[in-house]
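Okay, coords20.tsv is below, TSV, C-alpha atoms:
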chain	number	residue	atom	x	y	z
A	19	MET	CA	18.07	-9.51	-16.29
A	20	GLY	CA	21.23	-9.29	-18.37
A	21	VAL	CA	23.75	-6.75	-19.53
A	22	THR	CA	21.94	-3.82	-21.11
A	23	CYS	CA	23.17	-1.10	-23.42
A	24	VAL	CA	21.01	1.92	-24.21
A	25	CYS	CA	21.86	4.26	-27.05
A	26	GLN	CA	20.33	7.00	-29.11
A	27	VAL	CA	19.96	6.60	-32.86
A	28	PRO	CA	19.83	9.82	-34.88
A	29	VAL	CA	16.89	10.35	-37.20
A	30	ALA	CA	17.83	9.36	-40.78
A	31	GLU	CA	18.54	12.15	-43.24
A	32	GLY	CA	15.32	13.44	-44.74
A	33	LYS	CA	13.12	11.06	-42.78
A	34	SER	CA	10.81	11.47	-39.79
A	35	VAL	CA	11.19	9.82	-36.40
A	36	GLN	CA	8.49	7.28	-37.24
A	37	GLN	CA	10.10	6.40	-40.58
A	38	THR	CA	13.49	5.83	-38.95
A	39	VAL	CA	11.90	3.61	-36.30
A	40	ASP	CA	10.15	1.64	-39.05
A	41	MET	CA	13.47	1.18	-40.89
A	42	LEU	CA	15.14	-0.17	-37.75
A	43	GLN	CA	12.26	-2.52	-37.04
A	44	LYS	CA	12.38	-3.84	-40.59
A	45	LYS	CA	16.13	-4.55	-40.30
A	46	LEU	CA	15.52	-6.47	-37.08
A	47	GLU	CA	12.71	-8.48	-38.60
A	48	GLN	CA	14.92	-9.36	-41.57
A	49	LEU	CA	17.56	-10.61	-39.11
A	50	GLY	CA	14.94	-12.94	-37.69
A	51	ALA	CA	13.88	-11.15	-34.52
A	52	ILE	CA	10.35	-11.83	-33.26
A	53	LYS	CA	8.06	-9.14	-31.92
A	54	GLN	CA	7.24	-9.76	-28.28
A	55	GLY	CA	4.94	-7.08	-26.92
A	56	ASN	CA	5.59	-3.46	-26.12
A	57	PHE	CA	7.71	-1.62	-23.64
A	58	TRP	CA	7.88	1.78	-22.02
A	59	VAL	CA	10.38	3.58	-19.81
A	60	ASP	CA	9.51	6.89	-18.27
A	61	CYS	CA	11.22	9.50	-16.18
A	62	GLU	CA	9.72	12.19	-13.96
A	63	THR	CA	11.68	15.08	-12.51
A	64	TYR	CA	11.28	16.42	-9.00
A	65	HIS	CA	13.11	19.39	-7.60
A	66	ALA	CA	13.79	19.97	-3.96
A	67	THR	CA	12.06	23.05	-2.60
A	68	GLY	CA	13.23	24.81	0.50
A	69	ASN	CA	16.69	25.89	-0.55
A	70	ALA	CA	17.52	28.89	1.59
A	71	THR	CA	20.50	30.07	-0.46
A	72	GLY	CA	20.59	30.62	-4.19
A	73	GLN	CA	21.96	27.14	-4.81
A	74	PRO	CA	20.40	25.32	-7.75
A	75	SER	CA	18.10	22.77	-6.17
A	76	LYS	CA	18.89	19.12	-6.56
A	77	LEU	CA	16.99	17.21	-9.21
A	78	LEU	CA	15.51	13.86	-8.27
A	79	TYR	CA	14.54	11.57	-11.13
A	80	VAL	CA	11.92	8.87	-10.59
A	81	MET	CA	11.84	6.28	-13.34
A	82	HIS	CA	9.77	3.25	-14.24
A	83	ASN	CA	10.47	0.40	-16.63
A	84	SER	CA	7.83	-1.95	-18.00
A	85	GLU	CA	10.36	-4.78	-17.70
A	86	THR	CA	10.08	-4.43	-13.90
A	87	PRO	CA	6.50	-3.19	-13.53
A	88	LEU	CA	6.32	-3.43	-9.74
A	89	SER	CA	9.47	-1.38	-9.18
A	90	CYS	CA	10.36	2.24	-9.16
A	91	MET	CA	13.91	3.58	-9.56
A	92	ALA	CA	14.92	6.91	-8.10
A	93	LEU	CA	18.22	8.59	-8.96
A	94	PHE	CA	20.17	11.76	-8.51
A	95	GLU	CA	22.28	12.63	-11.55
A	96	GLY	CA	25.78	11.47	-10.74
A	97	GLY	CA	24.62	10.53	-7.27
A	98	PRO	CA	23.17	7.57	-5.41
A	99	GLY	CA	20.23	5.59	-6.78
A	100	LEU	CA	17.47	3.67	-5.06
A	101	ALA	CA	15.45	0.71	-6.31
A	102	ALA	CA	12.12	0.56	-4.50
A	103	ASP	CA	8.66	-0.86	-4.98
A	104	ALA	CA	5.75	0.96	-6.62
A	105	ASN	CA	4.71	2.58	-3.32
A	106	PHE	CA	7.63	4.97	-3.71
A	107	ASP	CA	5.39	6.99	-6.04
A	108	VAL	CA	2.81	7.24	-3.26
A	109	LEU	CA	5.55	8.46	-0.92
A	110	MET	CA	6.56	11.15	-3.44
A	111	VAL	CA	2.95	12.37	-3.39
A	112	LYS	CA	3.20	12.68	0.41
A	113	LEU	CA	6.47	14.59	-0.01
A	114	LYS	CA	4.99	17.10	-2.44
A	115	SER	CA	5.68	20.09	-0.22
A	116	HIS	CA	9.39	19.20	-0.18
A	117	PHE	CA	9.80	17.86	-3.71
A	118	GLN	CA	7.85	19.40	-6.54
A	119	ASN	CA	7.05	17.43	-9.66
A	120	ALA	CA	8.15	19.32	-12.76
A	121	LYS	CA	5.28	18.03	-14.84
A	122	GLY	CA	6.46	19.45	-18.16
A	123	HIS	CA	9.74	17.58	-17.84
A	124	LYS	CA	8.37	14.07	-18.05
A	125	VAL	CA	10.16	12.10	-20.75
A	126	GLU	CA	9.20	8.65	-21.91
A	127	SER	CA	10.26	6.11	-24.47
A	128	ARG	CA	7.64	3.77	-25.90
A	129	GLY	CA	7.93	1.14	-28.55
A	130	THR	CA	8.17	-2.48	-29.55
A	131	ARG	CA	10.07	-5.25	-27.87
A	132	TYR	CA	11.89	-7.78	-30.05
A	133	ARG	CA	13.51	-11.04	-29.15
A	134	TYR	CA	16.39	-12.53	-31.09
A	135	CYS	CA	17.75	-15.67	-29.46
A	136	ASP	CA	19.34	-14.47	-26.21
A	137	PHE	CA	18.98	-10.80	-27.07
A	138	LEU	CA	16.12	-8.46	-26.26
A	139	VAL	CA	15.98	-5.35	-28.42
A	140	LYS	CA	13.69	-2.46	-27.63
A	141	ILE	CA	13.24	0.34	-30.14
A	142	GLY	CA	11.42	3.28	-28.69
A	143	THR	CA	10.31	6.75	-29.65
A	144	VAL	CA	11.45	9.21	-27.01
A	145	ALA	CA	8.73	11.77	-26.40
A	146	MET	CA	8.35	14.81	-24.21
A	147	SER	CA	4.94	16.49	-23.86
A	148	SER	CA	3.55	14.32	-26.68
A	149	SER	CA	6.13	15.40	-29.21
A	150	ALA	CA	8.62	12.86	-30.50
A	151	ARG	CA	12.15	14.02	-29.81
A	152	GLY	CA	14.34	11.07	-30.69
A	153	ILE	CA	14.85	7.34	-30.86
A	154	SER	CA	16.21	5.05	-28.17
A	155	VAL	CA	17.52	1.55	-28.75
A	156	GLU	CA	18.08	-0.81	-25.84
A	157	VAL	CA	19.90	-4.10	-26.37
A	158	GLU	CA	19.99	-6.64	-23.57
A	159	TYR	CA	22.05	-9.80	-23.62
A	160	CYS	CA	20.10	-11.94	-21.18
A	161	ALA	CA	22.60	-14.74	-20.77
A	162	CYS	CA	25.25	-12.75	-18.94
A	163	VAL	CA	25.50	-10.28	-16.05
A	164	ILE	CA	29.15	-9.24	-16.40
A	165	PRO	CA	29.72	-6.52	-19.03
A	166	GLY	CA	33.39	-7.42	-19.48
A	167	ASP	CA	32.46	-10.94	-20.54
A	168	CYS	CA	29.97	-10.09	-23.27
A	169	TRP	CA	30.61	-6.56	-24.53
A	170	ASN	CA	32.35	-7.69	-27.69
A	171	LEU	CA	29.48	-10.03	-28.56
A	172	MET	CA	26.92	-7.28	-27.94
A	173	LYS	CA	28.87	-4.82	-30.06
A	174	GLU	CA	28.99	-7.29	-32.96
A	175	PHE	CA	25.26	-7.92	-32.69
A	176	MET	CA	24.47	-4.20	-32.58
A	177	GLN	CA	26.62	-3.54	-35.64
A	178	SER	CA	24.45	-5.96	-37.65
A	179	PHE	CA	21.46	-3.63	-37.49
A	180	LEU	CA	22.74	-0.30	-36.19
A	181	GLY	CA	25.77	-0.09	-38.44
A	182	SER	CA	27.72	3.09	-37.75
A	183	ASN	CA	25.31	4.07	-34.97
A	184	THR	CA	26.69	1.36	-32.69
A	185	PRO	CA	27.63	2.94	-29.36
A	186	GLU	CA	30.81	2.68	-27.35
A	187	LEU	CA	31.02	0.95	-23.98
A	188	PRO	CA	28.55	2.77	-21.69
A	189	ALA	CA	30.03	4.95	-18.96
A	190	ALA	CA	27.70	3.21	-16.47
A	191	PHE	CA	30.01	0.17	-16.63
A	192	THR	CA	33.40	1.87	-16.75
A	193	ASN	CA	32.53	4.20	-13.86
A	194	LYS	CA	32.11	1.41	-11.38
A	195	ALA	CA	34.66	0.79	-8.66
A	196	GLU	CA	35.29	-2.77	-9.82
A	197	GLY	CA	35.09	-1.80	-13.48
A	198	LEU	CA	33.76	-4.08	-16.15
A	199	TYR	CA	33.77	-7.21	-14.06
A	200	SER	CA	31.18	-6.30	-11.46
A	201	PRO	CA	27.67	-7.66	-12.03
A	202	VAL	CA	25.05	-5.32	-13.46
A	203	ASP	CA	21.86	-4.24	-11.75
A	204	CYS	CA	18.73	-2.39	-12.83
A	205	MET	CA	20.27	0.97	-11.86
A	206	ASP	CA	22.85	0.62	-14.65
A	207	THR	CA	20.08	0.41	-17.25
A	208	MET	CA	18.14	3.30	-15.73
A	209	SER	CA	21.17	5.58	-15.47
A	210	GLN	CA	21.82	4.98	-19.18
A	211	TYR	CA	18.21	5.93	-19.97
A	212	LEU	CA	18.56	8.99	-17.76
A	213	GLU	CA	21.64	10.08	-19.71
A	214	LEU	CA	19.75	9.62	-22.99
A	215	PHE	CA	16.68	11.48	-21.74
A	216	SER	CA	18.83	14.37	-20.50
A	217	LYS	CA	20.46	14.65	-23.91
A	218	VAL	CA	17.07	14.58	-25.61
A	219	ARG	CA	15.72	17.28	-23.28
A	220	LYS	CA	18.56	19.57	-24.25
A	221	GLN	CA	18.12	18.97	-27.99
A	222	GLN	CA	15.94	21.27	-30.00
A	223	VAL	CA	12.53	20.13	-31.11
A	224	LEU	CA	12.86	18.19	-34.37
A	225	PRO	CA	10.89	19.70	-37.26
A	226	GLY	CA	7.80	17.73	-38.26
A	227	SER	CA	8.05	15.46	-35.26
A	228	GLY	CA	4.62	15.99	-33.74
A	229	VAL	CA	3.12	12.67	-32.70
A	230	ARG	CA	-0.39	12.48	-34.08
B	126	MET	CA	11.98	-13.83	-21.96
B	127	GLU	CA	8.30	-13.09	-22.53
B	128	ALA	CA	7.18	-9.54	-21.85
B	129	PRO	CA	6.03	-9.23	-18.23
B	130	PRO	CA	2.27	-9.88	-18.11
B	131	VAL	CA	1.49	-6.94	-15.85
B	132	THR	CA	0.93	-3.80	-17.86
B	133	VAL	CA	0.20	-1.32	-15.13
B	134	MET	CA	0.45	2.38	-15.53
B	135	PRO	CA	2.68	4.01	-12.92
B	136	VAL	CA	0.86	5.44	-9.93
B	137	THR	CA	1.11	9.17	-9.84
B	138	GLY	CA	-1.94	10.52	-8.05
B	139	GLY	CA	-5.19	8.87	-6.89
B	140	THR	CA	-3.72	6.13	-4.72
B	141	ILE	CA	-5.24	3.56	-2.42
B	142	ASN	CA	-4.66	5.02	1.00
B	143	MET	CA	-3.71	2.40	3.53
B	144	MET	CA	-4.46	3.13	7.14
B	145	GLU	CA	-2.79	1.62	10.17
B	146	TYR	CA	-5.06	0.86	13.13
B	147	LEU	CA	-3.03	0.60	16.33
B	148	LEU	CA	-3.45	-0.33	19.98
B	149	GLN	CA	-0.47	-0.37	22.33
B	150	GLY	CA	0.37	-1.56	25.80
B	151	SER	CA	3.28	-2.98	27.75
B	152	VAL	CA	4.19	-5.81	30.11
B	153	LEU	CA	7.03	-6.05	32.63
B	154	ASP	CA	9.81	-8.50	31.79
B	155	GLN	CA	8.67	-10.96	34.45
B	156	SER	CA	5.17	-11.21	32.92
B	157	LEU	CA	6.39	-11.83	29.39
B	158	GLU	CA	6.12	-15.62	29.43
B	159	SER	CA	2.45	-15.67	30.48
B	160	LEU	CA	1.60	-13.19	27.74
B	161	LEU	CA	3.44	-15.22	25.08
B	162	HIS	CA	1.68	-18.35	26.30
B	163	ARG	CA	-1.74	-16.74	25.94
B	164	LEU	CA	-0.87	-15.31	22.53
B	165	ARG	CA	0.27	-18.71	21.30
B	166	GLY	CA	-3.15	-20.03	22.28
B	167	LEU	CA	-5.23	-17.19	20.83
B	168	CYS	CA	-3.37	-16.50	17.62
B	169	ASP	CA	-3.11	-18.44	14.36
B	170	ASN	CA	-1.43	-21.78	14.65
B	171	MET	CA	2.11	-21.23	13.50
B	172	GLU	CA	5.50	-20.82	15.10
B	173	PRO	CA	5.75	-17.21	16.25
B	174	GLU	CA	8.35	-15.41	14.19
B	175	SER	CA	11.30	-13.86	15.99
B	176	PHE	CA	12.85	-10.73	14.64
B	177	ALA	CA	15.74	-8.36	15.37
B	178	ASP	CA	15.57	-5.09	13.48
B	179	HIS	CA	17.59	-1.90	13.39
B	180	GLU	CA	15.44	1.16	12.86
B	181	LEU	CA	16.71	4.60	11.88
B	182	VAL	CA	14.42	7.60	12.05
B	183	TYR	CA	15.08	10.33	9.48
B	184	LEU	CA	13.80	13.90	9.50
B	185	LEU	CA	13.56	16.37	6.64
B	186	LYS	CA	13.35	19.94	7.86
B	187	GLY	CA	11.33	22.05	5.49
B	188	GLN	CA	10.89	25.78	5.28
B	189	GLN	CA	7.78	25.72	7.40
B	190	GLY	CA	5.75	23.29	9.43
B	191	ASN	CA	6.82	20.14	11.17
B	192	PRO	CA	9.74	18.14	9.85
B	193	PHE	CA	8.81	15.20	7.63
B	194	MET	CA	9.59	11.90	9.33
B	195	LEU	CA	10.51	8.60	7.68
B	196	ARG	CA	11.39	5.34	9.38
B	197	ALA	CA	13.94	3.03	7.75
B	198	ARG	CA	14.19	-0.47	9.09
B	199	ARG	CA	16.49	-3.35	8.25
B	200	SER	CA	16.66	-6.88	9.60
B	201	LEU	CA	19.71	-7.89	11.60
B	202	ILE	CA	18.82	-11.57	11.16
B	203	HIS	CA	18.40	-11.39	7.36
B	204	PRO	CA	20.99	-8.84	6.28
B	205	LYS	CA	20.32	-9.36	2.55
B	206	ALA	CA	16.59	-8.61	2.85
B	207	PRO	CA	15.47	-5.21	1.49
B	208	TRP	CA	15.09	-2.21	3.77
B	209	HIS	CA	11.58	-1.26	4.85
B	210	LEU	CA	10.80	2.43	4.59
B	211	ARG	CA	7.70	3.63	6.40
B	212	TYR	CA	5.78	6.88	6.47
B	213	LEU	CA	3.15	7.36	9.18
B	214	GLY	CA	0.75	10.27	8.93
B	215	GLN	CA	-0.89	12.26	11.69
B	216	PRO	CA	-3.44	10.28	13.71
B	217	GLU	CA	-6.95	10.85	12.43
B	218	VAL	CA	-8.97	12.98	14.77
B	219	GLY	CA	-12.58	12.21	14.56
B	220	ASP	CA	-14.78	9.71	16.15
B	221	LYS	CA	-13.79	9.64	19.82
B	222	SER	CA	-15.59	6.33	20.12
B	223	ARG	CA	-13.25	4.75	17.58
B	224	HIS	CA	-11.26	2.26	19.59
B	225	ALA	CA	-7.92	2.32	17.83
B	226	LEU	CA	-5.44	4.97	16.73
B	227	VAL	CA	-5.85	5.42	12.97
B	228	ARG	CA	-3.20	6.94	10.75
B	229	ASN	CA	-2.20	6.92	7.12
B	230	CYS	CA	0.59	4.52	6.37
B	231	VAL	CA	2.88	4.10	3.33
B	232	ASP	CA	5.27	1.14	3.25
B	233	VAL	CA	8.03	0.96	0.65
B	234	ALA	CA	10.58	-1.80	0.18
B	235	ALA	CA	13.93	-0.33	-0.82
B	236	SER	CA	17.41	-1.41	-1.83
B	237	HIS	CA	20.47	-1.17	0.40
B	238	SER	CA	21.46	2.27	-0.85
B	239	LEU	CA	18.56	3.71	1.21
B	240	PRO	CA	20.52	5.57	3.96
B	241	GLU	CA	22.83	7.22	1.40
B	242	PHE	CA	19.86	8.09	-0.79
B	243	LEU	CA	17.86	9.63	2.06
B	244	ASN	CA	20.88	11.78	2.98
B	245	GLU	CA	21.11	12.97	-0.62
B	246	MET	CA	17.41	13.89	-0.49
B	247	GLY	CA	18.13	16.09	2.50
B	248	PHE	CA	16.99	13.79	5.31
B	249	ARG	CA	19.13	13.60	8.41
B	250	MET	CA	19.11	10.74	10.87
B	251	ASP	CA	17.49	11.84	14.10
B	252	HIS	CA	17.84	8.71	16.20
B	253	GLU	CA	18.19	4.95	15.89
B	254	PHE	CA	17.37	1.90	17.98
B	255	VAL	CA	17.24	-1.87	17.85
B	256	VAL	CA	14.00	-3.80	18.31
B	257	LYS	CA	13.94	-7.50	19.14
B	258	GLY	CA	10.85	-9.59	19.65
B	259	GLN	CA	8.20	-11.87	18.22
B	260	VAL	CA	5.32	-11.45	15.79
B	261	PHE	CA	1.99	-13.26	16.09
B	262	ARG	CA	-0.92	-13.17	13.64
B	263	LYS	CA	-4.65	-13.58	13.99
B	264	GLY	CA	-6.25	-13.19	10.57
B	265	VAL	CA	-5.37	-9.66	9.45
B	266	MET	CA	-4.37	-8.61	12.96
B	267	LYS	CA	-0.73	-8.55	13.87
B	268	VAL	CA	0.56	-8.66	17.46
B	269	VAL	CA	4.16	-7.63	18.03
B	270	VAL	CA	5.82	-8.14	21.41
B	271	SER	CA	9.18	-6.43	21.41
B	272	LYS	CA	11.96	-4.97	23.47
B	273	LEU	CA	13.47	-1.65	22.46
B	274	LEU	CA	17.21	-1.35	22.85
B	275	ARG	CA	19.26	1.81	22.82
B	276	VAL	CA	22.22	1.91	20.43
B	277	LEU	CA	25.21	3.16	22.43
B	278	ALA	CA	27.53	4.01	19.56
B	279	SER	CA	25.94	5.19	16.33
B	280	GLY	CA	25.92	2.46	13.71
B	281	ASN	CA	27.09	-0.25	16.10
B	282	THR	CA	24.16	-2.60	16.62
B	283	GLU	CA	26.18	-5.11	18.68
B	284	ASN	CA	26.49	-2.75	21.61
B	285	THR	CA	23.00	-2.09	22.91
B	286	GLU	CA	21.21	-1.73	26.21
B	287	PRO	CA	17.52	-2.15	26.98
B	288	MET	CA	15.58	1.07	27.31
B	289	SER	CA	13.24	-0.25	29.98
B	290	LEU	CA	12.36	-3.27	32.08
B	291	SER	CA	9.32	-4.02	29.97
B	292	TYR	CA	8.20	-5.24	26.57
B	293	LEU	CA	6.11	-3.17	24.17
B	294	VAL	CA	2.96	-4.90	22.91
B	295	GLU	CA	1.35	-3.62	19.72
B	296	LEU	CA	-1.82	-4.82	18.03
B	297	SER	CA	-2.13	-3.47	14.50
B	298	VAL	CA	-4.06	-3.88	11.28
B	299	LEU	CA	-3.29	-2.41	7.86
B	300	ALA	CA	-6.49	-1.78	5.96
B	301	PRO	CA	-7.71	0.54	3.19
B	302	ALA	CA	-9.32	3.76	4.38
B	303	GLY	CA	-12.93	3.57	5.46
B	304	GLN	CA	-13.11	0.13	7.07
B	305	ASP	CA	-14.33	0.97	10.52
B	306	THR	CA	-15.27	-2.55	11.64
B	307	VAL	CA	-11.55	-3.22	12.02
B	308	SER	CA	-11.29	-1.33	15.31
B	309	GLU	CA	-14.22	-3.32	16.73
B	310	ASP	CA	-12.44	-6.60	16.01
B	311	MET	CA	-9.28	-5.22	17.53
B	312	ARG	CA	-11.09	-4.16	20.69
B	313	SER	CA	-12.63	-7.61	21.21
B	314	PHE	CA	-9.24	-9.26	20.73
B	315	ALA	CA	-7.67	-6.83	23.19
B	316	GLU	CA	-10.36	-7.80	25.74
B	317	GLN	CA	-9.12	-11.38	25.60
B	318	LEU	CA	-5.62	-10.30	26.58
B	319	LYS	CA	-6.79	-8.60	29.76
B	320	PRO	CA	-5.62	-8.56	32.56
B	321	LEU	CA	-2.20	-9.68	31.29
B	322	VAL	CA	-1.85	-6.55	29.20
B	323	HIS	CA	-4.08	-3.50	28.71
B	324	LEU	CA	-3.99	-2.43	25.08
B	325	GLU	CA	-5.23	1.07	24.51
B	326	LYS	CA	-5.29	3.86	22.01
B	327	ILE	CA	-2.29	6.04	22.87
B	328	ASP	CA	-2.17	9.40	21.16
B	329	PRO	CA	1.51	10.18	20.41
B	330	LYS	CA	0.83	13.92	20.76
B	331	ARG	CA	-0.03	13.52	24.43
B	332	LEU	CA	3.46	12.18	25.08
B	333	MET	CA	5.28	15.20	23.64

Rewrite the coordinates I just gave you, this time as C-alpha cells.
Amino acid sequence: MGVTCVCQVPVAEGKSVQQTVDMLQKKLEQLGAIKQGNFWVDCETYHATGNATGQPSKLLYVMHNSETPLSCMALFEGGPGLAADANFDVLMVKLKSHFQNAKGHKVESRGTRYRYCDFLVKIGTVAMSSSARGISVEVEYCACVIPGDCWNLMKEFMQSFLGSNTPELPAAFTNKAEGLYSPVDCMDTMSQYLELFSKVRKQQVLPGSGVR
Amino acid sequence: MEAPPVTVMPVTGGTINMMEYLLQGSVLDQSLESLLHRLRGLCDNMEPESFADHELVYLLKGQQGNPFMLRARRSLIHPKAPWHLRYLGQPEVGDKSRHALVRNCVDVAASHSLPEFLNEMGFRMDHEFVVKGQVFRKGVMKVVVSKLLRVLASGNTENTEPMSLSYLVELSVLAPAGQDTVSEDMRSFAEQLKPLVHLEKIDPKRLM
C-alpha cells in the first residue's frame, strides 16, 4: 500500500475509448512496464429511504477494490468513510428497507495492471450499465506512504506517459487536517475513485462507446 | 507487488447465512470460581482468554416496523484492534424441540470511524455497557463467562459499576443455516455444567 493518485484521461481526438486505452498501454510497455494481471474497482450507490421531509436523501457509496479483495469501503460524499470486511455487503442486504440500492448507478473501472519498478499503474475503462464512459488511470508509488515526500517523483513519472494529462495534487491529500505529511490509507484511494466516478456519471454518453 | 491471488466477485445477493445458536444462564459471584474450574477441565486445553469490551447499541428508526439494531463492540485491552459490528436477526420460531435459540447473525470487522459513520447513516446510540470476562472454547462451541457493567457517564469506560451480583454465562456456536445437530451437541455440553449453571434457551421477547 503506497501513495496513490487516480485521474481521468480524456478520450483522444477522433479515437474510441478502447483505442485510447490501447495507446496508453503501448506507451507503458515501451517504458518497460510489465503486465501483472487485471484489476477492477466498483462503486454501488444506496440512498436512505425514510426521509420525512423533502430533504434530498443521503447517498451512501459502497466500493470494492481488487487490490484489497476481502475489504469493502463505504463512504458518504464529503463525509466519513468506513473500511470494513466483505460481510458489510451482507449487512447492506439486511438493511434494504432502510437503504435502497440504486442498481442503475453502479459504476466500475476494469483493466490491466502494470508494474514498473516501484510503481503500479492501472489503466481502466470506466463503465456504467455496460457502456464505456471514460478512462481511469491509477498510479501507486509503493515505496512511500507520505504524499508530501513523493509527489514530485510521482508527477515526473506520470508525465512520461500521460504528458499533458498529468493531474494536479489530489484534493484527498490537501484536505486532510495534517496536510501532505499524514500517512495515506485505503480511503484516500477510494475517495479519489468516487470523485472520478461522480464526474463520469454526470458526463454525457460518449458516441460510439458501446462495449461489445 | 503481485496481483492479489483472490479474484472474488463482490457479494451482492445470495449470501451464506450464518446462524448463531445460543444458550444462556448465570451464576452468582460467589460460585464463579467453581464454574471456571469446571470449564477449564471440560474445554480445550489452552489458557482461557480474558477480555474487556465496550459495546454500544445503535438503533435506526425507520418509517414503519421495529427499529433496526446494530451492536458495535471494541476492545478496551487492544485499543488498536478493529471494531466488531454485529447484526442479530429475530430468533427463529419453529421446532419447539430445538434446544438452542437460533438467529441469523452477520459479523463485520470495521475501522475506527465506525461510530461517526453509523451516525451519518442515521443510527443513534441507544445504550452502552462494558463487558469483562473470559472466553473458553470446546471445538466450535464458545463459552463466555462475563460481567456486565453499567457506564455511568456516556463515553467514559473507566467509571463503571456492575449491573448485578452475578456473571452471565453464554454457550454459542456460529454455523451455516441448516445444521441442526449443533443444538444437540450444545445440549449435551450444557448437561455437563449442571448443577453449577443451568443453561437454557431464553427467548428475548419474553423479557420485554

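The list of chain A residues within 6 Å of chain B is Gly68, Pro98, Leu100, Ala101, Ala102, Asp103, Asn105 and Phe106 of chain A; this uses all atoms listed in the file.
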
Exercise. Counting all atoms listed in the file, note down every residue that has an atom within 12 Å of the point (13.5, -14.6, -23.5) (file coordinates), as number ranges by chain.
Key: A: 19-20, 51-55, 85, 131-139, 158-161; B: 126-129

Exercise. Could you tell me which of A:Glu31, A:Glu213, A:Asp167, A:Asp203 comes closest to Thr86 of chain A if we count all atoms listed in the file?
Key: A:Asp203

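Across A:Ile141, A:Val202, A:Leu78, A:Val108, the tightest approach to Asn56 of chain A is made by A:Ile141 when counting all atoms listed in the file.
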
Quiz item: Within 8 Å of Val39 of chain A, counting all atoms listed in the file, which residues qualify if same-chain residues fewer than 2 places away don't, as a ChimeraX atom specification?
Solution: /A:35-37,41-43,141-143,153

Practice problem: Fewer than 2 positions away in the same chain doesn't count, so skip those; otherwise give me all residues within 8 Å of segment 254-258 of chain B, counting only C-alpha atoms, as a ChimeraX atom specification. | Solution: /B:175-181,252,260,269-276,282,285

Quiz item: So what do you get for atom CA of Thr207 of chain A versus atom CA of Gly122 of chain A, distance-wise?
Solution: 23.4 Å

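The residue that comes closest to Gln304 of chain B, out of B:Pro204, B:Ser279, B:Val227, B:Arg198 and on the basis of all atoms listed in the file, is B:Val227.
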